[in-house]
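The file entry00.cif comes next; it holds mmCIF, C-alpha atoms, pLDDT in the B column; chains and numbers go by the auth columns.
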data_final
loop_
_atom_site.group_PDB
_atom_site.id
_atom_site.type_symbol
_atom_site.label_atom_id
_atom_site.label_comp_id
_atom_site.label_asym_id
_atom_site.label_seq_id
_atom_site.Cartn_x
_atom_site.Cartn_y
_atom_site.Cartn_z
_atom_site.B_iso_or_equiv
_atom_site.auth_seq_id
_atom_site.auth_asym_id
ATOM 1 C CA MET A 1 12.381 -9.691 -85.223 82.00 5 T
ATOM 2 C CA LYS A 2 15.221 -7.959 -87.018 90.00 6 T
ATOM 3 C CA GLN A 3 18.860 -8.486 -86.135 91.00 7 T
ATOM 4 C CA SER A 4 19.330 -4.764 -85.487 93.00 8 T
ATOM 5 C CA VAL A 5 16.605 -4.836 -82.829 94.00 9 T
ATOM 6 C CA ILE A 6 18.138 -7.916 -81.234 94.00 10 T
ATOM 7 C CA LYS A 7 21.569 -6.286 -81.033 93.00 11 T
ATOM 8 C CA GLU A 8 20.136 -3.291 -79.170 95.00 12 T
ATOM 9 C CA MET A 9 18.487 -5.422 -76.473 95.00 13 T
ATOM 10 C CA ALA A 10 20.174 -6.141 -73.147 96.00 14 T
ATOM 11 C CA THR A 11 21.361 -9.670 -72.433 95.00 15 T
ATOM 12 C CA ASN A 12 18.730 -10.330 -69.769 97.00 16 T
ATOM 13 C CA GLU A 13 16.017 -9.074 -72.140 97.00 17 T
ATOM 14 C CA LEU A 14 17.303 -11.448 -74.808 97.00 18 T
ATOM 15 C CA GLU A 15 17.170 -14.392 -72.418 97.00 19 T
ATOM 16 C CA GLU A 16 13.586 -13.527 -71.453 98.00 20 T
ATOM 17 C CA ARG A 17 12.620 -13.107 -75.092 97.00 21 T
ATOM 18 C CA LEU A 18 14.251 -16.445 -75.922 98.00 22 T
ATOM 19 C CA ASP A 19 12.086 -18.205 -73.331 98.00 23 T
ATOM 20 C CA GLU A 20 8.981 -16.478 -74.700 98.00 24 T
ATOM 21 C CA GLU A 21 9.806 -17.409 -78.292 98.00 25 T
ATOM 22 C CA LYS A 22 10.485 -21.042 -77.393 98.00 26 T
ATOM 23 C CA ALA A 23 7.138 -21.271 -75.586 98.00 27 T
ATOM 24 C CA ARG A 24 5.406 -19.588 -78.520 97.00 28 T
ATOM 25 C CA LEU A 25 7.002 -22.020 -80.989 98.00 29 T
ATOM 26 C CA GLU A 26 5.975 -25.033 -78.919 98.00 30 T
ATOM 27 C CA LYS A 27 2.411 -23.725 -78.708 97.00 31 T
ATOM 28 C CA MET A 28 2.298 -23.136 -82.473 96.00 32 T
ATOM 29 C CA ARG A 29 3.578 -26.653 -83.178 96.00 33 T
ATOM 30 C CA VAL A 30 0.911 -28.229 -80.978 96.00 34 T
ATOM 31 C CA ASN A 31 -1.806 -26.058 -82.504 95.00 35 T
ATOM 32 C CA HIS A 32 -0.587 -26.967 -85.985 95.00 36 T
ATOM 33 C CA LEU A 33 -0.844 -30.680 -85.189 94.00 37 T
ATOM 34 C CA VAL A 34 -4.425 -30.309 -83.960 94.00 38 T
ATOM 35 C CA SER A 35 -5.617 -28.020 -86.721 93.00 39 T
ATOM 36 C CA PRO A 36 -3.450 -26.510 -89.459 92.00 40 T
ATOM 37 C CA LEU A 37 -2.305 -22.953 -88.905 90.00 41 T
ATOM 38 C CA GLU A 38 -3.581 -20.287 -91.229 93.00 42 T
ATOM 39 C CA ASN A 39 0.029 -19.405 -92.054 94.00 43 T
ATOM 40 C CA PRO A 40 2.405 -22.338 -91.403 92.00 44 T
ATOM 41 C CA LYS A 41 5.377 -20.108 -92.260 96.00 45 T
ATOM 42 C CA GLN A 42 4.974 -18.621 -88.767 96.00 46 T
ATOM 43 C CA ILE A 43 6.709 -21.725 -87.410 97.00 47 T
ATOM 44 C CA THR A 44 9.693 -21.060 -89.671 97.00 48 T
ATOM 45 C CA PHE A 45 9.809 -17.404 -88.653 97.00 49 T
ATOM 46 C CA ALA A 46 9.728 -18.353 -84.967 97.00 50 T
ATOM 47 C CA ARG A 47 12.594 -20.819 -85.434 98.00 51 T
ATOM 48 C CA LYS A 48 14.657 -18.193 -87.230 97.00 52 T
ATOM 49 C CA THR A 49 13.993 -15.640 -84.491 97.00 53 T
ATOM 50 C CA ILE A 50 15.164 -18.139 -81.874 98.00 54 T
ATOM 51 C CA ALA A 51 18.298 -18.793 -83.924 98.00 55 T
ATOM 52 C CA ARG A 52 19.006 -15.057 -84.217 97.00 56 T
ATOM 53 C CA ILE A 53 18.676 -14.585 -80.461 98.00 57 T
ATOM 54 C CA LEU A 54 20.902 -17.577 -79.719 98.00 58 T
ATOM 55 C CA THR A 55 23.494 -16.286 -82.188 97.00 59 T
ATOM 56 C CA GLU A 56 23.576 -12.867 -80.545 97.00 60 T
ATOM 57 C CA LEU A 57 23.858 -14.398 -77.062 97.00 61 T
ATOM 58 C CA ARG A 58 26.750 -16.575 -78.248 97.00 62 T
ATOM 59 C CA ASN A 59 28.510 -13.585 -79.846 97.00 63 T
ATOM 60 C CA ARG A 60 28.250 -11.654 -76.594 96.00 64 T
ATOM 61 C CA GLU A 61 29.583 -14.647 -74.663 96.00 65 T
ATOM 62 C CA LEU A 62 32.597 -14.930 -76.969 96.00 66 T
ATOM 63 C CA ASN A 63 33.300 -11.191 -76.865 95.00 67 T
ATOM 64 C CA GLU A 64 33.437 -11.240 -73.065 90.00 68 T
ATOM 65 C CA ALA A 65 36.080 -13.977 -72.984 78.00 69 T
#

Encoded form using structure tokens:
Amino acid sequence: MKQSVIKEMATNELEERLDEEKARLEKMRVNHLVSPLENPKQITFARKTIARILTELRNRELNEA
């Protein structure tokens, strides 16, 4: 997910997406332990997406204060 798309999303949408991405990452990690993923880089991409969302949420929190 690109940063420009994240910036356009509403805060509540970002929080929902964050929960979805965290669940997706956890599921991928478990699946990878059982049988290797076809593309293990997906785990890295999911972590980076979570970090981007958290960064945007933090920026919005700081801008409100």

Requested in this report: Can you work out the spacing between CA of Gln7 in chain T and CA of Asn63 in chain T in Å, to one decimal?
Outcome: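 Taking CA of Gln7 in chain T and CA of Asn63 in chain T, their separation equals 12.6 Å.
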
Query - Residues in the PyMOL selection byres ((chain T and resi 15-24) around 9), expressed as JSON, numbers by chain - result: {"T": [10, 13, 14, 25, 26, 27, 28, 29, 53, 54, 57, 58, 60, 61, 64]}

Query raised in the report: Using the chain letters and numbers from the file, which residues does the PyMOL selection byres ((chain T and resi 47) around 10) grab, as a list in words?
Result: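 Applying the PyMOL selection byres ((chain T and resi 47) around 10) to the structure shown produces Arg28, Leu29, Glu30, Lys31, Met32, Arg33, His36, Leu41, Asn43, Pro44, Lys45, Gln46, Thr48, Phe49, Ala50, Arg51, Lys52 and Thr53 of chain T.
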
Query raised in the report: To one decimal place, how far is CA of Asn67 in chain T from CA of Val9 in chain T in Å?
Result: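 Straight-line distance from CA of Asn67 in chain T to CA of Val9 in chain T works out to 18.8 Å.
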
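Atom to atom, CA of Asn35 in chain T and CA of Met5 in chain T stand 21.8 Å apart.
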